[in-house]
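Q: Next comes query.txt, compact mmCIF, C-alpha atoms (C1' of nucleotides):
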# COMPACT_ATOMS: atom_id res chain seq x y z
CA MET A 1 98.54 113.47 94.29
CA TYR A 2 100.68 111.10 96.29
CA VAL A 3 99.39 107.56 96.15
CA SER A 4 96.34 107.85 94.01
CA SER A 5 98.45 108.87 91.08
CA GLU A 6 100.55 105.79 91.53
CA ILE A 7 97.66 103.39 91.67
CA ARG A 8 98.19 100.95 88.90
CA ARG A 9 95.35 99.10 87.35
CA THR A 10 97.15 95.88 88.12
CA MET A 11 97.73 96.50 91.81
CA PRO A 12 95.86 93.96 93.93
CA LEU A 13 94.07 96.33 96.28
CA LEU A 14 90.55 95.03 96.53
CA SER A 15 89.10 92.36 98.78
CA MET A 16 86.45 89.88 97.79
CA SER A 17 83.61 91.75 99.46
CA ILE A 18 84.46 94.99 97.68
CA VAL A 19 84.68 93.27 94.32
CA MET A 20 81.33 91.66 94.97
CA GLN A 21 79.86 95.09 95.53
CA LEU A 22 81.55 96.61 92.52
CA THR A 23 80.53 93.86 90.15
CA ASP A 24 77.30 92.69 91.71
CA LEU A 25 78.56 89.12 91.41
CA THR A 26 78.53 86.51 94.17
CA ALA A 27 81.72 85.13 95.65
CA ARG A 28 80.77 81.80 94.14
CA GLN A 29 80.62 83.28 90.68
CA ILE A 30 83.91 85.11 91.04
CA ARG A 31 85.68 82.00 92.27
CA TYR A 32 84.13 79.99 89.49
CA TYR A 33 85.45 82.37 86.86
CA GLU A 34 88.86 82.17 88.46
CA GLU A 35 88.60 78.40 88.37
CA HIS A 36 88.15 78.78 84.63
CA HIS A 37 91.22 81.00 84.41
CA LEU A 38 89.34 84.09 83.32
CA ILE A 39 90.96 86.03 86.15
CA GLN A 40 94.00 85.38 88.29
CA PRO A 41 93.69 87.42 91.46
CA HIS A 42 96.67 87.67 93.72
CA ARG A 43 96.78 85.93 97.06
CA THR A 44 97.85 87.35 100.38
CA ALA A 45 100.20 85.44 102.64
CA GLY A 46 97.03 84.19 104.31
CA ASN A 47 95.59 82.90 101.05
CA ARG A 48 93.00 85.60 100.61
CA ARG A 49 92.23 86.78 97.09
CA MET A 50 93.16 90.35 96.26
CA PHE A 51 91.81 91.89 93.07
CA SER A 52 93.03 94.71 90.88
CA LEU A 53 90.96 97.24 89.00
CA ASN A 54 91.78 95.25 85.90
CA ASP A 55 90.24 92.19 87.49
CA VAL A 56 87.09 94.14 88.24
CA ASP A 57 86.85 95.28 84.65
CA LEU A 58 87.36 91.75 83.44
CA LEU A 59 84.64 90.50 85.76
CA LEU A 60 82.28 93.15 84.48
CA GLU A 61 83.00 92.10 80.94
CA ILE A 62 82.49 88.46 81.79
CA LYS A 63 79.25 89.31 83.49
CA ASP A 64 78.14 91.37 80.57
CA ILE A 65 78.90 88.63 78.08
CA LEU A 66 77.31 85.88 80.14
CA GLU A 67 74.20 87.96 80.52
CA GLN A 68 73.91 88.00 76.77
CA GLY A 69 73.27 84.29 77.02
CA VAL A 70 76.73 83.09 76.05
CA ASN A 71 78.34 80.20 77.87
CA MET A 72 81.70 80.05 79.60
CA ALA A 73 83.44 78.17 76.84
CA GLU A 74 82.59 81.01 74.51
CA VAL A 75 83.67 83.63 76.99
CA LYS A 76 87.01 81.90 77.23
CA ARG A 77 87.38 81.97 73.46
CA VAL A 78 86.46 85.61 73.31
CA PHE A 79 89.05 86.43 75.92
CA ALA A 80 91.67 84.29 74.28
CA LYS A 81 91.12 86.08 71.00
CA LYS A 82 91.13 89.40 72.74
CA ASN A 83 94.50 88.66 74.32
CA GLU A 84 95.85 87.34 71.09
CA SER A 85 94.96 90.41 69.10
CA ALA A 86 96.10 92.64 71.93
CA THR A 87 99.53 91.08 72.14
CA THR A 88 100.13 90.59 68.45
CA ALA A 89 99.02 94.08 67.60
CA ALA A 90 100.64 95.43 70.73
CA GLU A 91 97.32 96.89 71.70
CA LYS A 92 96.49 97.23 75.35
CA GLU A 93 92.84 98.13 75.10
CA ILE A 94 89.96 96.94 73.04
CA SER A 95 86.75 98.78 72.55
CA ASP A 96 83.33 97.39 73.21
CA SER A 97 82.48 97.54 69.57
CA GLU A 98 85.57 95.55 68.72
CA LEU A 99 84.63 93.05 71.38
CA ARG A 100 81.18 92.65 69.94
CA GLU A 101 82.64 92.24 66.50
CA ILE A 102 84.91 89.48 67.73
CA MET A 103 81.99 87.74 69.36
CA ARG A 104 79.94 88.10 66.22
CA GLU A 105 82.74 86.46 64.26
CA GLU A 106 83.04 83.77 66.91
CA ARG A 107 79.37 83.04 66.59
CA ARG A 108 79.57 82.77 62.82
CA GLN A 109 82.49 80.40 63.04
CA ALA A 110 80.90 78.30 65.74
CA ASN A 111 77.71 78.04 63.72
CA ARG A 112 79.57 76.89 60.67
CA MET A 113 81.84 74.48 62.52
CA GLN A 114 79.47 72.38 64.55
CA LYS A 115 76.94 74.72 66.09
CA THR A 116 77.81 73.27 69.52
CA SER A 117 79.69 76.28 70.68
CA ILE A 118 76.83 78.56 71.52
CA ARG A 119 74.15 77.53 73.90
CA GLN A 120 71.82 79.06 76.41
CA GLY A 121 69.53 81.25 74.38
CA ASP A 122 70.08 83.20 71.25
CA LEU A 123 72.47 85.98 70.46
CA SER A 124 69.98 88.18 68.70
CA ARG A 125 70.67 90.98 71.13
CA PHE A 126 74.16 91.26 69.72
CA ASN A 127 72.78 92.33 66.40
CA HIS A 128 70.29 94.88 67.62
CA ARG A 129 71.76 96.46 70.70
CA SER A 130 70.74 100.05 70.19
CA ALA A 131 69.24 100.39 73.62
CA ARG A 132 72.13 98.83 75.46
CA ASP A 133 74.72 100.57 73.35
CA ALA A 134 73.25 103.89 74.27
CA LYS A 135 73.97 103.17 77.92
CA ARG A 136 77.68 102.81 77.34
CA MET B 1 86.96 101.82 81.09
CA TYR B 2 84.03 100.45 83.01
CA VAL B 3 84.59 100.62 86.75
CA SER B 4 87.98 102.15 87.02
CA SER B 5 86.75 105.33 85.46
CA GLU B 6 84.04 105.53 88.05
CA ILE B 7 86.30 105.02 91.00
CA ARG B 8 85.90 108.05 93.15
CA ARG B 9 88.60 109.13 95.47
CA THR B 10 86.09 108.98 98.28
CA MET B 11 84.88 105.44 97.71
CA PRO B 12 85.77 103.21 100.65
CA LEU B 13 87.47 100.38 98.79
CA LEU B 14 90.56 99.57 100.78
CA SER B 15 90.99 97.32 103.78
CA MET B 16 93.26 97.98 106.72
CA SER B 17 95.99 95.65 105.54
CA ILE B 18 96.19 97.28 102.13
CA VAL B 19 96.32 100.76 103.60
CA MET B 20 99.09 99.59 105.90
CA GLN B 21 101.04 98.49 102.85
CA LEU B 22 100.32 101.65 100.89
CA THR B 23 101.26 103.99 103.70
CA ASP B 24 103.81 101.93 105.56
CA LEU B 25 101.99 102.74 108.78
CA THR B 26 100.96 100.25 111.45
CA ALA B 27 97.33 99.51 112.23
CA ARG B 28 97.92 101.08 115.61
CA GLN B 29 99.05 104.31 114.05
CA ILE B 30 96.16 104.46 111.62
CA ARG B 31 93.63 103.84 114.36
CA TYR B 32 95.30 106.42 116.52
CA TYR B 33 95.01 109.06 113.82
CA GLU B 34 91.37 108.18 113.39
CA GLU B 35 90.92 108.52 117.12
CA HIS B 36 92.18 112.06 116.69
CA HIS B 37 89.71 112.69 113.89
CA LEU B 38 92.31 113.14 111.22
CA ILE B 39 90.56 110.53 109.10
CA GLN B 40 87.05 109.06 109.20
CA PRO B 41 87.12 105.74 107.39
CA HIS B 42 83.84 104.07 106.62
CA ARG B 43 82.73 100.97 108.44
CA THR B 44 81.32 97.80 106.99
CA ALA B 45 78.24 96.20 108.47
CA GLY B 46 80.70 94.06 110.40
CA ASN B 47 82.49 97.09 111.83
CA ARG B 48 85.60 96.81 109.69
CA ARG B 49 87.25 100.01 108.54
CA MET B 50 87.22 100.71 104.82
CA PHE B 51 89.45 103.44 103.46
CA SER B 52 89.26 105.61 100.37
CA LEU B 53 92.12 106.86 98.26
CA ASN B 54 91.59 110.20 99.93
CA ASP B 55 92.15 108.58 103.27
CA VAL B 56 95.40 107.10 102.03
CA ASP B 57 96.58 110.47 100.83
CA LEU B 58 95.66 112.03 104.14
CA LEU B 59 97.55 109.35 105.99
CA LEU B 60 100.59 109.93 103.84
CA GLU B 61 100.43 113.61 104.59
CA ILE B 62 100.04 112.96 108.28
CA LYS B 63 102.98 110.62 108.18
CA ASP B 64 105.04 113.13 106.30
CA ILE B 65 104.28 115.90 108.74
CA LEU B 66 104.84 113.78 111.82
CA GLU B 67 108.16 112.63 110.45
CA GLN B 68 109.23 116.25 110.41
CA GLY B 69 109.06 116.11 114.18
CA VAL B 70 105.73 117.85 114.60
CA ASN B 71 103.21 116.59 117.12
CA MET B 72 99.61 115.59 116.58
CA ALA B 73 98.13 118.79 117.95
CA GLU B 74 100.01 120.65 115.29
CA VAL B 75 98.98 118.23 112.60
CA LYS B 76 95.39 118.83 113.58
CA ARG B 77 95.83 122.56 113.30
CA VAL B 78 97.48 122.25 109.93
CA PHE B 79 94.61 120.16 108.69
CA ALA B 80 92.01 122.46 110.17
CA LYS B 81 93.60 125.40 108.44
CA LYS B 82 93.89 123.46 105.25
CA ASN B 83 90.18 122.64 105.29
CA GLU B 84 89.30 126.20 106.17
CA SER B 85 91.26 127.71 103.32
CA ALA B 86 90.00 125.03 100.98
CA THR B 87 86.35 125.68 101.73
CA THR B 88 86.51 129.43 102.02
CA ALA B 89 88.55 129.81 98.90
CA ALA B 90 86.70 127.00 97.19
CA GLU B 91 89.98 125.31 96.58
CA LYS B 92 90.10 121.57 96.56
CA GLU B 93 93.80 120.96 96.47
CA ILE B 94 96.72 122.47 98.26
CA SER B 95 100.29 122.22 97.15
CA ASP B 96 103.10 120.90 99.29
CA SER B 97 104.74 124.28 99.31
CA GLU B 98 101.55 125.91 100.50
CA LEU B 99 101.28 123.28 103.20
CA ARG B 100 104.78 123.99 104.39
CA GLU B 101 104.05 127.69 104.40
CA ILE B 102 100.99 127.14 106.54
CA MET B 103 103.00 125.05 108.96
CA ARG B 104 105.72 127.67 109.08
CA GLU B 105 103.15 130.27 109.97
CA GLU B 106 101.64 127.93 112.53
CA ARG B 107 104.98 127.51 114.14
CA ARG B 108 105.56 131.24 114.31
CA GLN B 109 102.19 131.83 115.93
CA ALA B 110 102.63 129.00 118.39
CA ASN B 111 106.02 130.30 119.38
CA ARG B 112 104.63 133.74 120.02
CA MET B 113 101.51 132.57 121.81
CA GLN B 114 102.76 130.23 124.48
CA LYS B 115 105.39 128.00 122.95
CA THR B 116 103.54 124.94 124.31
CA SER B 117 102.21 123.92 120.97
CA ILE B 118 105.32 122.45 119.49
CA ARG B 119 107.22 119.74 121.24
CA GLN B 120 109.28 116.74 120.44
CA GLY B 121 112.33 118.05 118.78
CA ASP B 122 112.94 121.11 116.75
CA LEU B 123 111.53 122.19 113.43
CA SER B 124 114.82 123.20 111.93
CA ARG B 125 114.30 120.82 109.08
CA PHE B 126 111.43 122.99 107.91
CA ASN B 127 113.79 125.83 107.25
CA HIS B 128 116.46 123.92 105.42
CA ARG B 129 114.79 121.13 103.57
CA SER B 130 116.81 121.13 100.41
CA ALA B 131 117.50 117.41 100.53
CA ARG B 132 113.97 116.34 101.26
CA ASP B 133 112.44 118.85 98.91
CA ALA B 134 114.43 117.41 96.12
CA LYS B 135 112.73 114.08 96.65
CA ARG B 136 109.25 115.48 96.04
C1' DA C 1 114.71 113.60 140.02
C1' DA C 2 109.93 112.37 139.78
C1' DA C 3 105.79 112.65 137.48
C1' DC C 4 103.53 113.26 133.27
C1' DT C 5 102.48 113.36 128.20
C1' DC C 6 102.70 111.50 123.71
C1' DA C 7 102.89 108.29 120.07
C1' DT C 8 103.36 103.68 119.43
C1' DG C 9 104.05 98.59 120.63
C1' DT C 10 101.97 94.50 122.28
C1' DT C 11 98.73 91.19 124.02
C1' DA C 12 94.19 89.03 124.73
C1' DG C 13 89.69 87.73 123.56
C1' DC C 14 86.19 88.10 120.24
C1' DT C 15 83.83 88.86 115.64
C1' DT C 16 83.81 89.09 110.76
C1' DT C 17 85.43 87.76 106.44
C1' DC C 18 87.35 84.54 103.52
C1' DC C 19 88.87 79.92 102.24
C1' DT C 20 88.16 75.07 100.49
C1' DT C 21 85.35 71.18 99.88
C1' DA C 22 81.25 69.00 99.09
C1' DC C 23 76.68 68.35 97.88
C1' DA C 24 72.26 70.18 95.63
C1' DC C 25 69.69 71.76 91.75
C1' DA C 26 67.42 73.80 87.73
C1' DG C 27 67.80 74.50 82.98
C1' DA C 28 70.04 73.33 78.68
C1' DA C 29 72.40 70.04 75.74
C1' DT C 30 73.07 65.41 74.21
C1' DA D 1 66.64 60.02 80.12
C1' DT D 2 71.06 61.31 81.24
C1' DT D 3 74.76 64.56 81.37
C1' DC D 4 76.65 69.13 81.57
C1' DT D 5 76.76 73.88 83.39
C1' DG D 6 76.57 77.62 86.22
C1' DT D 7 75.23 78.85 90.71
C1' DG D 8 73.37 78.21 95.63
C1' DT D 9 74.39 76.68 100.10
C1' DA D 10 76.37 74.64 104.21
C1' DA D 11 80.28 73.14 107.22
C1' DG D 12 84.57 73.63 109.37
C1' DG D 13 88.72 76.13 109.70
C1' DA D 14 91.94 80.02 109.27
C1' DA D 15 93.09 84.84 108.49
C1' DA D 16 92.29 89.58 109.39
C1' DG D 17 90.19 93.07 111.93
C1' DC D 18 88.12 95.02 116.21
C1' DT D 19 88.23 96.97 121.06
C1' DA D 20 90.26 97.45 125.39
C1' DA D 21 94.04 97.43 128.24
C1' DC D 22 98.57 97.70 129.72
C1' DA D 23 103.62 98.74 128.50
C1' DT D 24 107.30 101.83 127.10
C1' DG D 25 110.77 105.12 125.73
C1' DA D 26 111.63 109.82 124.57
C1' DG D 27 110.64 114.35 125.69
C1' DT D 28 108.39 117.77 129.06
C1' DT D 29 106.94 119.80 133.18
C1' DT D 30 107.04 120.50 137.99
Kindly return the structure encoded in the file as structure tokens.
A:
Amino acid sequence: MYVSSEIRRTMPLLSMSIVMQLTDLTARQIRYYEEHHLIQPHRTAGNRRMFSLNDVDLLLEIKDILEQGVNMAEVKRVFAKKNESATTAAEKEISDSELREIMREERRQANRMQKTSIRQGDLSRFNHRSARDAKR
Amino acid sequence: MYVSSEIRRTMPLLSMSIVMQLTDLTARQIRYYEEHHLIQPHRTAGNRRMFSLNDVDLLLEIKDILEQGVNMAEVKRVFAKKNESATTAAEKEISDSELREIMREERRQANRMQKTSIRQGDLSRFNHRSARDAKR
DNA sequence: AAACTCATGTTAGCTTTCCTTACACAGAAT
DNA sequence: ATTCTGTGTAAGGAAAGCTAACATGAGTTT
């Protein structure tokens, strides 16, 4: 009861070290993703970053996507599209399958357009993810 | 999804400054309550306290009880009894009303025993708490 | 009244954590 | 071959946290 029930996913409660533990990312990586506007952690009066649970989830998604061999530019596009569809459709959440579908579409478009959008390895895992899907 | 669903109430995620904000207690107070074994926050490798959501709830309860004009010794007894009844009866949670009942009983016993247990003001508010009760 | 207890405030000195900035580097893209 | 990208790492400084110690006001005991 009490506080825990009032914890909002957007409340900046978590310090850098905790987020590093939760996400298994380095501080360098987290700051880099912020630099690219993928997250916007709050700042304390003393300029320290404070993260929300939402931020942690975002970081985990970023990590997950990057590990698939997608580059930052693409991650940004995926997130932009995700926000777009979320706001236009007034949806707050998006499922993993939806996310993968969006990325699949992104990939198709990028391939058609100029094939410069996707680098760093192939995306074959996105089309046969039975093993990974089972884990989620 | 992802992390937030895995957040356990016992995970030490929160720093001192955040807990101060959440509870509106001073660092001095929080450390003092720990000194009296009312909470046992984790420690980082660098000796910093890290609090769980459970700790925050406990602190809020402590604060609430102390604000009624009860002293620490009594708070300890209340908590001891609470733990006892929780473990023996295999109950995890205790309602506010139950808590107040326990404290009422405590007070009666203490008065009978040696009347040294309760100091610092009277407990009259416990018997006519209509205004405060309405807030919870 | 004097001495004591309790819960909290405050200060000092020190350690840990976090910040920014800058440079380095390996692998991929051009 | 050169450039771009994502990450590592180091330096110097500042914020936040720690312990220990003394201070204090309200209530209690002697």
Q: Counting only C-alpha atoms (C1' of nucleotides), which of B:Ile18, B:Leu25, B:Arg48, B:His42 gets nearest to chain D?
A: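 Among the listed residues, B:Arg48 lies closest to chain D.
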Q: Using only C-alpha atoms, I'd like a table of the residues in chain B that come within 9 Å of chain A; for each, show the closest atom pair and its distance in Å rounded to one decimal, ordered by chain and ascending number, as JSON lines.
A:
{"residue": "B:Met1", "atom": "CA", "partner": "A:Asp57", "partner_atom": "CA", "distance": 7.4}
{"residue": "B:Tyr2", "atom": "CA", "partner": "A:Asp57", "partner_atom": "CA", "distance": 6.1}
{"residue": "B:Val3", "atom": "CA", "partner": "A:Asp57", "partner_atom": "CA", "distance": 6.2}
{"residue": "B:Ser4", "atom": "CA", "partner": "A:Leu53", "partner_atom": "CA", "distance": 6.1}
{"residue": "B:Arg9", "atom": "CA", "partner": "A:Ser4", "partner_atom": "CA", "distance": 8.0}
{"residue": "B:Pro12", "atom": "CA", "partner": "A:Ile18", "partner_atom": "CA", "distance": 8.8}
{"residue": "B:Leu13", "atom": "CA", "partner": "A:Ile18", "partner_atom": "CA", "distance": 6.3}
{"residue": "B:Leu14", "atom": "CA", "partner": "A:Leu14", "partner_atom": "CA", "distance": 6.2}
{"residue": "B:Ser15", "atom": "CA", "partner": "A:Ser15", "partner_atom": "CA", "distance": 7.3}
{"residue": "B:Ile18", "atom": "CA", "partner": "A:Leu13", "partner_atom": "CA", "distance": 6.3}
{"residue": "B:Val19", "atom": "CA", "partner": "A:Leu13", "partner_atom": "CA", "distance": 8.8}
{"residue": "B:Leu22", "atom": "CA", "partner": "A:Val3", "partner_atom": "CA", "distance": 7.6}
{"residue": "B:Thr23", "atom": "CA", "partner": "A:Val3", "partner_atom": "CA", "distance": 8.6}
{"residue": "B:Leu53", "atom": "CA", "partner": "A:Ser4", "partner_atom": "CA", "distance": 6.1}
{"residue": "B:Asn54", "atom": "CA", "partner": "A:Ser4", "partner_atom": "CA", "distance": 7.9}
{"residue": "B:Val56", "atom": "CA", "partner": "A:Val3", "partner_atom": "CA", "distance": 7.1}
{"residue": "B:Asp57", "atom": "CA", "partner": "A:Tyr2", "partner_atom": "CA", "distance": 6.1}
{"residue": "B:Leu60", "atom": "CA", "partner": "A:Tyr2", "partner_atom": "CA", "distance": 7.6}
{"residue": "B:Glu61", "atom": "CA", "partner": "A:Tyr2", "partner_atom": "CA", "distance": 8.7}
Q: Could the residues in this selection be saved with C-alpha atoms as a compact mmCIF listing (two decimals), in the frame of the given file?
A:
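Saved result, selection_30.txt, follows:
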# COMPACT_ATOMS: atom_id res chain seq x y z
CA MET B 1 86.96 101.82 81.09
CA TYR B 2 84.03 100.45 83.01
CA VAL B 3 84.59 100.62 86.75
CA SER B 4 87.98 102.15 87.02
CA ARG B 9 88.60 109.13 95.47
CA PRO B 12 85.77 103.21 100.65
CA LEU B 13 87.47 100.38 98.79
CA LEU B 14 90.56 99.57 100.78
CA SER B 15 90.99 97.32 103.78
CA ILE B 18 96.19 97.28 102.13
CA VAL B 19 96.32 100.76 103.60
CA LEU B 22 100.32 101.65 100.89
CA THR B 23 101.26 103.99 103.70
CA LEU B 53 92.12 106.86 98.26
CA ASN B 54 91.59 110.20 99.93
CA VAL B 56 95.40 107.10 102.03
CA ASP B 57 96.58 110.47 100.83
CA LEU B 60 100.59 109.93 103.84
CA GLU B 61 100.43 113.61 104.59
Q: For stretch 6-21 of chain D, find every residue with an atom within 9 Å (counting all atoms listed in the file), except residues of its own chain fewer than 2 positions away, and show them as a ChimeraX atom specification.
A: /A:28-29,32,46-48,71-72 /B:16-17,47-49 /C:11,14-19,23-25
Q: Residues as selected, C-alpha atoms (C1' of nucleotides), written as a short mmCIF file (atom, residue, chain, number, x, y, z; two decimals), in the coordinates of the input, can you do that?
A:
data_model
loop_
_atom_site.label_atom_id
_atom_site.label_comp_id
_atom_site.auth_asym_id
_atom_site.auth_seq_id
_atom_site.Cartn_x
_atom_site.Cartn_y
_atom_site.Cartn_z
CA ARG A 28 80.77 81.80 94.14
CA GLN A 29 80.62 83.28 90.68
CA TYR A 32 84.13 79.99 89.49
CA GLY A 46 97.03 84.19 104.31
CA ASN A 47 95.59 82.90 101.05
CA ARG A 48 93.00 85.60 100.61
CA ASN A 71 78.34 80.20 77.87
CA MET A 72 81.70 80.05 79.60
CA MET B 16 93.26 97.98 106.72
CA SER B 17 95.99 95.65 105.54
CA ASN B 47 82.49 97.09 111.83
CA ARG B 48 85.60 96.81 109.69
CA ARG B 49 87.25 100.01 108.54
"C1'" DT C 11 98.73 91.19 124.02
"C1'" DC C 14 86.19 88.10 120.24
"C1'" DT C 15 83.83 88.86 115.64
"C1'" DT C 16 83.81 89.09 110.76
"C1'" DT C 17 85.43 87.76 106.44
"C1'" DC C 18 87.35 84.54 103.52
"C1'" DC C 19 88.87 79.92 102.24
"C1'" DC C 23 76.68 68.35 97.88
"C1'" DA C 24 72.26 70.18 95.63
"C1'" DC C 25 69.69 71.76 91.75
#
Q: For a test of reading the model, state the distance in Å between atom CA of B:Phe51 and atom CA of B:Lys82, rounded to one decimal.
A: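 So the two atoms, atom CA of B:Phe51 and atom CA of B:Lys82, lie 20.6 Å apart.
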Q: Please compute the atom C1' of D:DA23-atom CA of B:Glu74 distance, one decimal, in Å.
A: 25.8 Å
Q: Pick out the closest residue to chain C from this set: B:Ala45, B:Met11, B:Leu38, B:Ala80. Count all atoms listed in the file.
A: B:Ala45
